[in-house]
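Report on the structure given below.
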Amino acid sequence: MAAAAAEHVAPPVGIDAQLAVAAGEAGWSEARAGYAELRERLSPVAALIHERLHPPESVGTAASATSDIPSALAGFEAWYRERFGQEFLDLLGRPSPSFQPLVDF
């Protein structure tokens with residue numbers, strides 16, 4: 001997510017890029033039920049990451065954003081675990097399911 005945020009200075013674009021990367025790497029797509037809810041719940045984490053990488057003019061904001069990222073991610077992870085019965089972070093790095101033929105010739 002940080003790499004996606006680093007490429008975009010404008011917050012809406014940077015946040016959207018982060019959400020797309022995180023959802024894609026976890027195997028989520030727009031076709032899946034709950035996709036919009038996932039993005040909505042992960043959005044505060046993405047906003048904090050973006051703020052950390054592209055801090056506003058005020059000096060103290062970047063430090064608070066850094067300290068809030070783990071808390072925001074923990075809150076998201078707790079929601080995801082309760083909602084979907086598994087850890088979101090466990091989905092990252094797994095290979096995407098591929099087509100397996102039922103009959104081998």
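So you can find residues: chains in the structure tokens are A, B, ... in the order shown, residues in each start at 1, and ligands are numbered from 1 in order.
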Restrict the calculation to only C-alpha atoms, then for each residue of region 35-55 of chain A with any atom at most 10 Å from an atom of region 69-93 of chain A give the closest atom pair and their distance in Å to one decimal, rows by chain and rising residue number, as JSON lines.
```
{"residue": "A:Leu38", "atom": "CA", "partner": "A:Tyr80", "partner_atom": "CA", "distance": 8.0}
{"residue": "A:Arg41", "atom": "CA", "partner": "A:Phe76", "partner_atom": "CA", "distance": 6.3}
{"residue": "A:Leu42", "atom": "CA", "partner": "A:Phe76", "partner_atom": "CA", "distance": 6.3}
{"residue": "A:Ser43", "atom": "CA", "partner": "A:Phe76", "partner_atom": "CA", "distance": 9.4}
{"residue": "A:Pro44", "atom": "CA", "partner": "A:Ala72", "partner_atom": "CA", "distance": 7.0}
{"residue": "A:Val45", "atom": "CA", "partner": "A:Ala72", "partner_atom": "CA", "distance": 5.6}
{"residue": "A:Ala46", "atom": "CA", "partner": "A:Ile69", "partner_atom": "CA", "distance": 8.7}
{"residue": "A:Ala47", "atom": "CA", "partner": "A:Ile69", "partner_atom": "CA", "distance": 9.2}
{"residue": "A:Leu48", "atom": "CA", "partner": "A:Ile69", "partner_atom": "CA", "distance": 6.0}
{"residue": "A:Ile49", "atom": "CA", "partner": "A:Ile69", "partner_atom": "CA", "distance": 6.8}
{"residue": "A:Arg52", "atom": "CA", "partner": "A:Ile69", "partner_atom": "CA", "distance": 9.0}
```
Just to confirm, what's the straight-line distance from CA of Ala6 (chain A) to CA of Glu30 (chain A) in Å (one decimal)? 24.0 Å
Filtered DSSP result for chain A, state alpha helix (DSSP H), as an NGL selection string: :A and (2-6 or 11-25 or 35-53 or 60-84 or 88-91)
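With CA of Gly24 (chain A) on one side and CA of Pro56 (chain A) on the other, the separation reads 28.5 Å.
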What is the distance between CA of Ala36 (chain A) and CA of Ala23 (chain A), in Å to one decimal?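 A separation of 10.3 Å between them.
The protein and nucleic acid residues lying at most 10 Å from Arg39 (chain A) are Ile15, Asp16, Gln18, Leu19, Ala20, Ala22, Ala23, Trp28, Gly34, Pro44 and Ala46 of chain A, with only C-alpha atoms considered and sequence neighbours fewer than 5 positions away removed.
Of the residues listed (A:Ala31, A:Glu25, A:Asp68, A:Pro55), A:Pro55 shows the shortest atom-to-atom separation from Val9 (chain A); distances use only C-alpha atoms.
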From the list A:Glu37, A:Val21, A:Glu51, A:Ser29, which residue is nearest Ala4 (chain A) when using only C-alpha atoms?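 Between A:Glu37, A:Val21, A:Glu51, A:Ser29, the residue approaching Ala4 (chain A) most closely is A:Val21.
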